[in-house]
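Okay, data-v9.txt is below, compact mmCIF, C-alpha atoms:
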# COMPACT_ATOMS: atom_id res chain seq x y z
CA MET A 1 209.54 -41.96 -32.66
CA GLN A 2 212.54 -42.22 -30.34
CA VAL A 3 212.56 -39.72 -27.50
CA ARG A 4 214.32 -38.98 -24.22
CA ILE A 5 212.72 -39.63 -20.85
CA SER A 6 211.70 -35.97 -20.45
CA GLU A 7 209.81 -36.11 -23.74
CA LEU A 8 208.30 -39.48 -22.83
CA SER A 9 207.05 -37.81 -19.67
CA ALA A 10 205.52 -34.94 -21.64
CA ALA A 11 203.90 -37.32 -24.16
CA SER A 12 202.38 -39.58 -21.51
CA GLY A 13 201.62 -37.09 -18.75
CA VAL A 14 203.53 -39.30 -16.29
CA PRO A 15 206.21 -37.54 -14.19
CA VAL A 16 209.86 -38.49 -14.89
CA ALA A 17 210.31 -39.76 -11.31
CA THR A 18 207.31 -42.09 -11.72
CA ILE A 19 208.65 -43.37 -15.06
CA LYS A 20 211.97 -44.13 -13.37
CA TYR A 21 210.10 -46.01 -10.64
CA TYR A 22 208.28 -48.12 -13.25
CA LEU A 23 211.65 -48.80 -14.97
CA ARG A 24 213.19 -49.94 -11.67
CA GLU A 25 210.16 -52.14 -10.97
CA LYS A 26 210.52 -53.55 -14.50
CA LEU A 27 206.92 -52.66 -15.34
CA LEU A 28 208.34 -50.65 -18.24
CA PRO A 29 211.09 -52.13 -20.44
CA GLU A 30 214.49 -50.40 -20.59
CA GLY A 31 214.96 -47.84 -23.34
CA ALA A 32 217.70 -48.17 -25.98
CA ARG A 33 221.00 -46.83 -24.58
CA THR A 34 222.20 -43.79 -26.53
CA SER A 35 224.99 -42.83 -24.10
CA PRO A 36 226.16 -44.05 -20.66
CA THR A 37 223.57 -41.78 -19.00
CA GLN A 38 220.80 -41.57 -21.60
CA ALA A 39 218.30 -43.88 -23.26
CA SER A 40 215.63 -43.39 -25.88
CA TYR A 41 212.03 -44.53 -25.70
CA GLY A 42 209.48 -45.35 -28.39
CA VAL A 43 205.77 -45.74 -29.05
CA ALA A 44 205.65 -49.03 -27.15
CA HIS A 45 206.72 -47.19 -24.01
CA VAL A 46 203.95 -44.62 -24.37
CA GLN A 47 201.37 -47.40 -24.82
CA ARG A 48 202.68 -49.35 -21.85
CA LEU A 49 202.56 -46.24 -19.67
CA GLY A 50 198.92 -45.74 -20.69
CA VAL A 51 198.05 -49.26 -19.55
CA ILE A 52 199.91 -48.86 -16.24
CA ARG A 53 198.26 -45.53 -15.47
CA ALA A 54 194.81 -46.79 -16.32
CA LEU A 55 195.30 -49.78 -14.00
CA VAL A 56 196.64 -47.63 -11.18
CA ASP A 57 193.77 -45.17 -11.64
CA ALA A 58 191.35 -48.11 -11.48
CA GLY A 59 192.71 -48.98 -8.05
CA VAL A 60 194.84 -51.95 -9.11
CA GLY A 61 197.97 -52.29 -6.94
CA ILE A 62 201.52 -52.70 -8.24
CA ALA A 63 201.30 -56.49 -7.77
CA GLY A 64 198.19 -56.58 -9.96
CA VAL A 65 199.85 -54.34 -12.54
CA ARG A 66 202.81 -56.71 -12.58
CA LYS A 67 200.50 -59.67 -13.27
CA VAL A 68 198.82 -57.85 -16.15
CA ILE A 69 202.20 -56.86 -17.60
CA GLY A 70 203.21 -60.51 -17.33
CA VAL A 71 200.18 -61.42 -19.45
CA LEU A 72 201.12 -58.72 -21.96
CA GLU A 73 204.73 -59.89 -22.23
CA GLU A 74 203.91 -63.55 -22.57
CA PRO A 75 200.39 -63.56 -23.93
CA PRO A 76 198.63 -66.94 -23.78
CA GLU A 77 197.70 -68.34 -27.18
CA ASN A 78 194.05 -68.80 -26.27
CA PRO A 79 192.05 -65.55 -25.86
CA TYR A 80 190.11 -67.25 -23.09
CA ASP A 81 193.27 -67.73 -21.03
CA LEU A 82 194.17 -64.13 -21.77
CA LEU A 83 190.88 -62.91 -20.41
CA GLY A 84 191.16 -65.16 -17.39
CA ALA A 85 194.68 -64.01 -16.58
CA ALA A 86 193.78 -60.34 -16.95
CA ASN A 87 190.60 -60.81 -14.93
CA ALA A 88 192.45 -62.71 -12.19
CA ALA A 89 195.07 -59.96 -12.03
CA VAL A 90 192.44 -57.43 -10.96
CA THR A 91 190.32 -59.74 -8.76
CA PRO A 92 191.18 -59.38 -5.08
CA ALA A 93 191.99 -62.64 -3.31
CA VAL A 94 189.27 -63.98 -1.02
CA SER A 95 189.63 -65.97 2.19
CA ALA A 96 190.05 -69.62 1.22
CA ASP A 97 188.01 -71.20 4.01
CA ILE A 98 184.59 -70.16 2.84
CA ASP A 99 181.72 -72.53 2.07
CA LEU A 100 181.28 -72.62 -1.72
CA THR A 101 178.10 -74.74 -1.85
CA ALA A 102 175.60 -71.94 -2.45
CA ALA A 103 177.91 -70.15 -4.89
CA LEU A 104 178.46 -73.32 -6.94
CA ALA A 105 174.70 -73.92 -7.10
CA LEU A 106 174.23 -70.38 -8.44
CA LEU A 107 176.89 -70.86 -11.10
CA GLU A 108 175.17 -74.01 -12.29
CA ARG A 109 171.91 -72.06 -12.53
CA MET A 110 173.82 -69.57 -14.66
CA GLY A 111 174.66 -72.42 -17.01
CA GLY A 112 178.34 -72.01 -16.35
CA ASP A 113 180.90 -74.77 -16.28
CA VAL A 114 182.30 -74.48 -12.78
CA GLU A 115 185.60 -75.99 -13.94
CA LYS A 116 186.08 -72.95 -16.16
CA CYS A 117 185.86 -70.38 -13.38
CA PHE A 118 188.70 -69.17 -11.22
CA PRO A 119 188.55 -70.14 -7.53
CA ASP A 120 188.80 -66.47 -6.47
CA GLN A 121 185.78 -65.59 -8.57
CA ILE A 122 183.68 -68.37 -7.05
CA ALA A 123 184.90 -67.43 -3.56
CA ALA A 124 183.87 -63.80 -4.20
CA VAL A 125 180.32 -64.96 -4.98
CA ALA A 126 180.33 -67.11 -1.83
CA GLN A 127 181.54 -64.17 0.25
CA ALA A 128 178.80 -61.89 -1.10
CA LEU A 129 176.17 -64.56 -0.35
CA ALA A 130 177.53 -65.02 3.19
CA ALA A 131 177.22 -61.27 3.86
CA LEU A 132 173.55 -61.40 2.77
CA ASP A 133 173.00 -64.40 5.05
CA ARG A 134 174.49 -62.60 8.05
CA ALA A 135 172.06 -59.73 7.48
CA ALA A 136 169.21 -62.27 7.14
CA PHE A 137 168.53 -60.83 3.69
CA THR A 138 167.07 -63.19 1.11
CA VAL A 139 167.25 -62.30 -2.56
CA PRO A 140 163.86 -63.37 -3.95
CA ASP A 141 164.15 -66.21 -6.50
CA ARG A 142 162.81 -64.15 -9.38
CA VAL A 143 165.29 -61.38 -8.63
CA MET A 144 168.21 -63.82 -8.46
CA ASP A 145 167.09 -65.27 -11.80
CA ALA A 146 167.10 -61.73 -13.19
CA TYR A 147 170.67 -61.21 -11.96
CA LEU A 148 171.86 -64.42 -13.59
CA THR A 149 170.05 -63.88 -16.88
CA HIS A 150 170.84 -60.21 -17.38
CA LEU A 151 174.44 -60.30 -16.12
CA SER A 152 175.07 -63.18 -18.52
CA ALA A 153 173.61 -61.12 -21.35
CA ILE A 154 175.81 -58.16 -20.38
CA ALA A 155 178.89 -60.39 -20.27
CA GLU A 156 178.13 -61.76 -23.75
CA GLU A 157 178.00 -58.24 -25.18
CA GLU A 158 181.16 -57.24 -23.35
CA LEU A 159 183.03 -60.26 -24.67
CA ALA A 160 181.75 -59.79 -28.21
CA ALA A 161 183.26 -56.30 -28.22
CA THR A 162 186.80 -57.41 -27.26
CA PRO A 163 189.11 -55.63 -29.74
CA GLU A 164 191.13 -57.90 -32.01
CA THR A 165 193.60 -55.21 -33.09
CA SER A 166 196.37 -56.31 -30.73
CA ILE A 167 196.99 -58.29 -27.55
CA GLU A 168 197.68 -55.04 -25.67
CA ASP A 169 194.34 -53.62 -26.81
CA ALA A 170 192.51 -56.79 -25.79
CA VAL A 171 194.14 -56.94 -22.35
CA ARG A 172 193.53 -53.25 -21.82
CA TYR A 173 189.86 -53.71 -22.74
CA VAL A 174 189.38 -56.71 -20.48
CA VAL A 175 191.19 -55.30 -17.48
CA LEU A 176 189.70 -51.84 -17.62
CA GLY A 177 186.33 -53.20 -18.67
CA THR A 178 186.35 -55.32 -15.53
CA ALA A 179 187.73 -52.96 -12.91
CA LEU A 180 186.92 -49.51 -14.20
CA VAL A 181 183.38 -50.16 -15.41
CA GLU A 182 182.18 -51.49 -12.04
CA PRO A 183 181.38 -48.07 -10.53
CA LEU A 184 179.43 -47.22 -13.70
CA ILE A 185 177.38 -50.41 -13.46
CA LEU A 186 176.54 -49.80 -9.80
CA ALA A 187 175.64 -46.14 -10.43
CA LEU A 188 173.45 -47.06 -13.40
CA ARG A 189 171.69 -49.74 -11.33
CA ARG A 190 170.74 -47.18 -8.66
CA VAL A 191 169.42 -44.82 -11.28
CA ALA A 192 167.55 -47.68 -12.95
CA GLU A 193 165.94 -48.51 -9.60
CA GLN A 194 164.84 -44.93 -9.22
CA VAL A 195 163.43 -44.88 -12.75
CA ALA A 196 161.66 -48.20 -12.19
CA ALA A 197 160.21 -46.93 -8.91
CA SER A 198 158.89 -43.77 -10.49
CA ARG A 199 157.30 -45.85 -13.24
CA ARG A 200 155.83 -48.32 -10.75
CA PHE A 201 154.53 -45.98 -8.10
CA GLY A 202 153.55 -42.99 -10.21
CA GLY A 203 156.54 -40.98 -9.08
CA ALA A 204 154.91 -38.08 -7.27
CA LEU A 205 158.27 -36.63 -6.20
CA THR A 206 157.64 -33.44 -4.35
CA GLY A 207 159.30 -30.32 -5.71
CA MET B 1 157.59 -60.24 24.83
CA GLN B 2 159.00 -57.71 27.28
CA VAL B 3 162.59 -58.32 28.27
CA ARG B 4 165.50 -56.62 30.02
CA ILE B 5 168.46 -55.21 28.15
CA SER B 6 170.59 -58.31 28.86
CA GLU B 7 167.95 -60.53 27.27
CA LEU B 8 167.55 -58.11 24.35
CA SER B 9 171.30 -58.46 23.83
CA ALA B 10 171.05 -62.25 23.85
CA ALA B 11 168.07 -62.26 21.47
CA SER B 12 169.68 -59.90 18.97
CA GLY B 13 173.33 -60.88 19.29
CA VAL B 14 174.22 -57.21 19.87
CA PRO B 15 176.38 -56.48 22.95
CA VAL B 16 174.73 -54.53 25.79
CA ALA B 17 177.26 -51.68 25.45
CA THR B 18 176.39 -51.32 21.76
CA ILE B 19 172.66 -51.32 22.53
CA LYS B 20 173.25 -48.52 25.07
CA TYR B 21 175.15 -46.58 22.44
CA TYR B 22 172.25 -46.91 20.00
CA LEU B 23 169.86 -45.77 22.76
CA ARG B 24 172.02 -42.70 23.48
CA GLU B 25 172.21 -41.95 19.74
CA LYS B 26 168.40 -42.32 19.60
CA LEU B 27 168.66 -44.92 16.83
CA LEU B 28 166.73 -47.23 19.14
CA PRO B 29 163.66 -45.97 21.03
CA GLU B 30 163.72 -45.96 24.85
CA GLY B 31 162.32 -49.04 26.55
CA ALA B 32 159.37 -48.86 28.99
CA ARG B 33 160.61 -47.87 32.47
CA THR B 34 160.03 -50.67 35.00
CA SER B 35 162.13 -49.11 37.81
CA PRO B 36 164.41 -46.06 38.12
CA THR B 37 167.32 -48.15 36.75
CA GLN B 38 165.59 -50.67 34.51
CA ALA B 39 163.54 -50.70 31.32
CA SER B 40 161.90 -53.42 29.29
CA TYR B 41 162.15 -53.95 25.55
CA GLY B 42 159.87 -55.64 23.02
CA VAL B 43 159.73 -57.19 19.58
CA ALA B 44 160.02 -53.79 17.90
CA HIS B 45 163.42 -53.31 19.55
CA VAL B 46 164.69 -56.64 18.23
CA GLN B 47 163.52 -55.75 14.72
CA ARG B 48 165.07 -52.30 14.86
CA LEU B 49 168.37 -53.77 16.04
CA GLY B 50 168.29 -56.16 13.08
CA VAL B 51 167.92 -53.24 10.66
CA ILE B 52 170.70 -51.25 12.33
CA ARG B 53 173.12 -54.17 12.33
CA ALA B 54 172.40 -55.03 8.71
CA LEU B 55 173.07 -51.43 7.70
CA VAL B 56 176.27 -51.22 9.70
CA ASP B 57 177.42 -54.56 8.28
CA ALA B 58 176.69 -53.22 4.80
CA GLY B 59 179.12 -50.38 5.45
CA VAL B 60 176.53 -47.66 6.08
CA GLY B 61 177.76 -45.06 8.61
CA ILE B 62 175.84 -43.87 11.66
CA ALA B 63 174.66 -40.77 9.74
CA GLY B 64 173.21 -43.03 7.03
CA VAL B 65 171.61 -45.28 9.63
CA ARG B 66 170.05 -42.19 11.22
CA LYS B 67 168.55 -41.17 7.86
CA VAL B 68 167.08 -44.62 7.30
CA ILE B 69 165.64 -44.66 10.83
CA GLY B 70 164.14 -41.25 10.08
CA VAL B 71 162.39 -42.78 7.08
CA LEU B 72 161.17 -45.67 9.24
CA GLU B 73 159.80 -43.37 11.94
CA GLU B 74 158.08 -40.99 9.58
CA PRO B 75 157.47 -43.09 6.48
CA PRO B 76 156.46 -41.09 3.39
CA GLU B 77 153.01 -41.94 2.08
CA ASN B 78 154.23 -42.68 -1.43
CA PRO B 79 156.32 -45.87 -1.78
CA TYR B 80 158.39 -44.09 -4.39
CA ASP B 81 159.47 -41.45 -1.89
CA LEU B 82 160.20 -44.24 0.58
CA LEU B 83 162.50 -45.96 -1.87
CA GLY B 84 164.16 -42.68 -2.75
CA ALA B 85 164.77 -41.75 0.86
CA ALA B 86 166.17 -45.17 1.71
CA ASN B 87 168.29 -45.22 -1.43
CA ALA B 88 169.60 -41.70 -0.78
CA ALA B 89 170.50 -42.66 2.78
CA VAL B 90 172.95 -45.27 1.54
CA THR B 91 174.27 -43.36 -1.51
CA PRO B 92 177.56 -41.58 -0.78
CA ALA B 93 177.60 -37.90 -1.65
CA VAL B 94 179.53 -36.98 -4.78
CA SER B 95 181.47 -33.82 -5.53
CA ALA B 96 178.98 -31.24 -6.76
CA ASP B 97 181.13 -29.58 -9.44
CA ILE B 98 181.12 -32.40 -11.96
CA ASP B 99 179.91 -32.11 -15.54
CA LEU B 100 176.58 -33.95 -15.79
CA THR B 101 176.09 -33.69 -19.57
CA ALA B 102 177.16 -37.23 -20.51
CA ALA B 103 175.36 -38.75 -17.51
CA LEU B 104 172.11 -36.97 -18.36
CA ALA B 105 172.33 -38.18 -21.97
CA LEU B 106 172.72 -41.75 -20.71
CA LEU B 107 169.71 -41.44 -18.43
CA GLU B 108 167.60 -40.25 -21.33
CA ARG B 109 168.76 -43.26 -23.34
CA MET B 110 167.61 -45.38 -20.40
CA GLY B 111 164.17 -43.84 -20.83
CA GLY B 112 164.30 -42.30 -17.40
CA ASP B 113 162.78 -39.02 -16.37
CA VAL B 114 165.78 -37.06 -15.15
CA GLU B 115 163.55 -35.01 -12.85
CA LYS B 116 162.78 -38.19 -10.93
CA CYS B 117 166.40 -39.04 -10.10
CA PHE B 118 168.37 -37.81 -7.14
CA PRO B 119 171.25 -35.43 -7.90
CA ASP B 120 173.72 -37.71 -6.07
CA GLN B 121 172.72 -40.65 -8.25
CA ILE B 122 173.25 -38.68 -11.46
CA ALA B 123 176.55 -37.31 -10.13
CA ALA B 124 177.69 -40.88 -9.36
CA VAL B 125 177.08 -41.84 -13.01
CA ALA B 126 178.96 -38.71 -14.13
CA GLN B 127 181.87 -39.56 -11.83
CA ALA B 128 182.11 -43.13 -13.18
CA LEU B 129 182.07 -41.82 -16.76
CA ALA B 130 184.79 -39.27 -15.95
CA ALA B 131 187.05 -42.04 -14.57
CA LEU B 132 186.62 -43.98 -17.82
CA ASP B 133 187.48 -40.85 -19.79
CA ARG B 134 190.66 -40.26 -17.81
CA ALA B 135 191.77 -43.80 -18.64
CA ALA B 136 190.87 -43.18 -22.31
CA PHE B 137 188.52 -46.16 -22.09
CA THR B 138 185.47 -46.11 -24.32
CA VAL B 139 182.55 -48.39 -23.57
CA PRO B 140 181.41 -49.63 -27.00
CA ASP B 141 177.90 -48.43 -27.90
CA ARG B 142 176.43 -51.92 -28.01
CA VAL B 143 177.86 -52.69 -24.59
CA MET B 144 176.50 -49.46 -23.11
CA ASP B 145 173.09 -50.31 -24.59
CA ALA B 146 173.36 -53.72 -22.90
CA TYR B 147 174.09 -52.05 -19.55
CA LEU B 148 171.08 -49.76 -19.86
CA THR B 149 168.68 -52.45 -21.06
CA HIS B 150 169.67 -55.20 -18.66
CA LEU B 151 170.16 -53.05 -15.57
CA SER B 152 166.69 -51.60 -16.18
CA ALA B 153 165.29 -55.12 -16.40
CA ILE B 154 167.05 -56.07 -13.16
CA ALA B 155 165.70 -52.95 -11.43
CA GLU B 156 162.13 -53.78 -12.55
CA GLU B 157 162.37 -57.25 -11.00
CA GLU B 158 163.91 -55.86 -7.81
CA LEU B 159 161.14 -53.30 -7.46
CA ALA B 160 158.42 -55.82 -8.20
CA ALA B 161 159.63 -57.91 -5.28
CA THR B 162 159.44 -55.12 -2.67
CA PRO B 163 157.61 -56.66 0.31
CA GLU B 164 154.28 -55.07 1.21
CA THR B 165 154.06 -56.64 4.67
CA SER B 166 155.23 -53.53 6.52
CA ILE B 167 157.10 -50.27 6.01
CA GLU B 168 160.05 -51.66 8.00
CA ASP B 169 160.20 -54.70 5.73
CA ALA B 170 160.05 -52.52 2.61
CA VAL B 171 162.77 -50.14 3.83
CA ARG B 172 164.93 -53.04 4.92
CA TYR B 173 164.53 -54.66 1.50
CA VAL B 174 165.33 -51.48 -0.41
CA VAL B 175 168.30 -50.44 1.70
CA LEU B 176 169.90 -53.86 1.94
CA GLY B 177 168.95 -54.70 -1.63
CA THR B 178 170.83 -51.60 -2.72
CA ALA B 179 173.93 -51.67 -0.55
CA LEU B 180 174.39 -55.31 0.34
CA VAL B 181 173.62 -56.85 -3.05
CA GLU B 182 176.25 -54.80 -4.88
CA PRO B 183 179.17 -57.13 -4.12
CA LEU B 184 177.04 -60.06 -5.30
CA ILE B 185 176.24 -58.33 -8.59
CA LEU B 186 179.89 -57.50 -9.26
CA ALA B 187 181.03 -61.04 -8.35
CA LEU B 188 178.36 -62.60 -10.58
CA ARG B 189 179.36 -60.32 -13.46
CA ARG B 190 182.97 -61.50 -13.28
CA VAL B 191 181.87 -65.11 -13.25
CA ALA B 192 179.47 -64.42 -16.13
CA GLU B 193 182.36 -62.93 -18.11
CA GLN B 194 184.40 -66.04 -17.49
CA VAL B 195 181.53 -68.27 -18.54
CA ALA B 196 180.91 -66.17 -21.66
CA ALA B 197 184.60 -66.29 -22.52
CA SER B 198 184.75 -70.05 -22.20
CA ARG B 199 181.69 -70.32 -24.42
CA ARG B 200 183.10 -67.89 -26.98
CA PHE B 201 186.67 -69.09 -27.19
CA GLY B 202 186.22 -72.79 -26.61
CA GLY B 203 187.56 -72.60 -23.10
CA ALA B 204 190.70 -74.70 -23.29
CA LEU B 205 191.68 -73.87 -19.73
CA THR B 206 194.83 -75.73 -18.90
CA GLY B 207 194.75 -77.99 -15.89

For this file, produce the structure as C-alpha cells.
Amino acid sequence: MQVRISELSAASGVPVATIKYYLREKLLPEGARTSPTQASYGVAHVQRLGVIRALVDAGVGIAGVRKVIGVLEEPPENPYDLLGAANAAVTPAVSADIDLTAALALLERMGGDVEKCFPDQIAAVAQALAALDRAAFTVPDRVMDAYLTHLSAIAEEELAATPETSIEDAVRYVVLGTALVEPLILALRRVAEQVAASRRFGGALTG
Amino acid sequence: MQVRISELSAASGVPVATIKYYLREKLLPEGARTSPTQASYGVAHVQRLGVIRALVDAGVGIAGVRKVIGVLEEPPENPYDLLGAANAAVTPAVSADIDLTAALALLERMGGDVEKCFPDQIAAVAQALAALDRAAFTVPDRVMDAYLTHLSAIAEEELAATPETSIEDAVRYVVLGTALVEPLILALRRVAEQVAASRRFGGALTG
C-alpha cells in the first residue's frame, strides 16, 4: 500500500490538516517523495496514526505522545525498560518535594524492589497518601492489604498478556492499558462496592 | 464545648468567611443564639466542617456536598441505601444515551444483580468501555476476569471495614473511601505494574 495524504486521511479517519500537524511535529515520519509537492504513505503511517490518536484520546498530551514515539523509534532491548518508558510517558509529573516515607513503606509491603520503580510513580503514591492524611482519612490495614494484594494480582495478569507480535503492539498495549483502562477500573470498583453492599446488607433497594 | 465562630474557625482550620458561607448554604446548621449578633457552636459543628472540607478537598462540588449532608441529616434505615446515596452523591452524572449492553454483560460476569446498581454507575462502565472501543483497544479476557475478581475482593474488604460507630462516621468512610482513595488505587496499580514487569523480565533497569 502506498497512498496519498488524502487517502491516508480516509484510511485513518484523521483529518489531512491534523496529519500535516503530526508531520511538522515529527510524530509521523515523512512519506516517500513522489513529486516536489506530493508524497506517498504506507501501512506504517496508518499504524502510527492509530497509536497517536489513541494516546490523544486517552488524554496524553503532545509531549507524552512524543516520548512514546521516542520509545517506538528506539525501542529498548529489555521489555522491562520498554514498559517503564511507555508507563513514564503517560504518568504525570508530581511535585518533587513530597515526603516519600509512607509510600516507600507501602511499596516494601507490596514486595516491590523500590529501586525498580520510577520516582514519579512513588511520588504519585505519596501524593495520594498525603491527600488522605489531610482529610484525616485512614485506610484500615486490612483494606490496604487488599489493595496491595489484588492490585499486584491484576498487574501480573496485565503483564502476562503483553502482546509479543511487535514492539509497536507491545507499546500500544502498555500505554493504552495504563492510561485508557483507568476509568474502567474505577467504574468497576464502584459497581463492585454496590454489589458487595447489596450482598452484605440484604440490598432492600426501594423501587 | 460551646464556642464562638472565631473559635470554631480556629478549631477546624476553616476561615470564618467560609464557615459563614456554609451557614448561608445550610450545609452547616445554625448555632445556638446567645445574643442578637452572636451564636455558639458545638462539637457537631466541628465534625460537620470536617466532612465538608474532606469532600471539597476530594473534588466534590457543593451540589454533591449538599446531597451527602442530606444523607447525614435523614439517614436511610438500611446501610445499603446509605452507601448507595453517599456513593451516588460523589459519582458524576454520565450521558444518558449510551449503549449499556456491554456494561450489563460485564456486571453479570461480576455476579452482580444489575437491579441493585445505580444507573450512573452502569453508565460509567459503559462510557469507559466505549473509550476503549474507539481506541480499538481490547482488554484480554483473562485480564478482564482479573479486574472483576480482584475489584470484587477489594470491595468486599472495603465494605467489611465500614465503621459502625455512627452514621456520620459510616458516610464519611464511604464517601471518602470512594472519592479520595481513587488516586491511591491508580498510583498503586502503576507501581504494581512496574514491580510485576521487573519480576517478569528480570528488571535490568539501567542506572

message: For a quick test of understanding: name the residues of chain B lying within 6 Å of chain A when counting all atoms listed in the file, and present them as a PyMOL selection string.
response: chain B and resi 54+80+112+124-125+128+135+143+146+150-152+154-158+183-184+187+189+192-193+195-197+201+203

message: Would you compute the distance between CA of Leu28 (chain B) and CA of His45 (chain B)? Give it in Å to one decimal.
response: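 So the two atoms, CA of Leu28 (chain B) and CA of His45 (chain B), lie 6.9 Å apart.
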
Nearest to Arg48 (chain B), chosen from B:Arg24, B:Gly64, B:Leu8, B:Ala17, with only C-alpha atoms counted in the distances: B:Leu8

message: Report, in Å with one decimal, the straight-line distance from CA of Ser35 (chain A) to CA of Tyr21 (chain A).
response: 20.3 Å

Atom pair CA of Val171 (chain B) / CA of Leu72 (chain B): separation (Å):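 CA of Leu72 (chain B) lies at a distance of 7.2 Å from CA of Val171 (chain B).
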
message: Just checking: using all atoms listed in the file, which residue out of B:Ala86, B:Ile98, B:Val16, B:Leu23 ends up closest to Val60 (chain B)?
response: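 Residue with the minimum atom-to-atom distance to Val60 (chain B): B:Ala86.
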
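Distances here use all atoms listed in the file; by that measure, the residue among A:Val43, A:Ala102, A:Ala32, A:Ile19 closest to Ile5 (chain A) is A:Ile19.
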
query: Can you tell me, as number ranges by chain, which residues sit within 6 Å of (166.3, -43.2, 5.6) in the file's frame, using all atoms listed in the file?
result: B: 67-71, 85-86, 89

Atoms are missing here; could region 5-16 of chain B be completed with N, CA and C atoms and written as a JSON list (two decimals), in the coordinates of the input?
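Okay, this is what ended up in out_11.json:
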[["chain", "number", "residue", "atom", "x", "y", "z"],
["B", 5, "ILE", "N", 167.45, -55.50, 29.16],
["B", 5, "ILE", "CA", 168.46, -55.21, 28.15],
["B", 5, "ILE", "C", 169.41, -56.40, 27.93],
["B", 6, "SER", "N", 169.68, -57.16, 29.01],
["B", 6, "SER", "CA", 170.59, -58.31, 28.86],
["B", 6, "SER", "C", 169.97, -59.37, 27.96],
["B", 7, "GLU", "N", 168.63, -59.54, 28.10],
["B", 7, "GLU", "CA", 167.95, -60.53, 27.27],
["B", 7, "GLU", "C", 167.80, -60.01, 25.82],
["B", 8, "LEU", "N", 167.60, -58.70, 25.69],
["B", 8, "LEU", "CA", 167.55, -58.11, 24.35],
["B", 8, "LEU", "C", 168.88, -58.35, 23.64],
["B", 9, "SER", "N", 169.96, -58.21, 24.38],
["B", 9, "SER", "CA", 171.30, -58.46, 23.83],
["B", 9, "SER", "C", 171.42, -59.91, 23.37],
["B", 10, "ALA", "N", 170.96, -60.83, 24.21],
["B", 10, "ALA", "CA", 171.05, -62.25, 23.85],
["B", 10, "ALA", "C", 170.21, -62.56, 22.62],
["B", 11, "ALA", "N", 168.99, -61.97, 22.56],
["B", 11, "ALA", "CA", 168.07, -62.26, 21.47],
["B", 11, "ALA", "C", 168.58, -61.70, 20.13],
["B", 12, "SER", "N", 169.28, -60.57, 20.20],
["B", 12, "SER", "CA", 169.68, -59.90, 18.97],
["B", 12, "SER", "C", 171.14, -60.17, 18.60],
["B", 13, "GLY", "N", 171.91, -60.67, 19.56],
["B", 13, "GLY", "CA", 173.33, -60.88, 19.29],
["B", 13, "GLY", "C", 174.14, -59.59, 19.32],
["B", 14, "VAL", "N", 173.52, -58.49, 19.79],
["B", 14, "VAL", "CA", 174.22, -57.21, 19.87],
["B", 14, "VAL", "C", 174.64, -56.98, 21.33],
["B", 15, "PRO", "N", 175.92, -56.68, 21.57],
["B", 15, "PRO", "CA", 176.38, -56.48, 22.95],
["B", 15, "PRO", "C", 175.61, -55.37, 23.66],
["B", 16, "VAL", "N", 175.46, -55.50, 24.98],
["B", 16, "VAL", "CA", 174.73, -54.53, 25.79],
["B", 16, "VAL", "C", 175.30, -53.12, 25.59]]
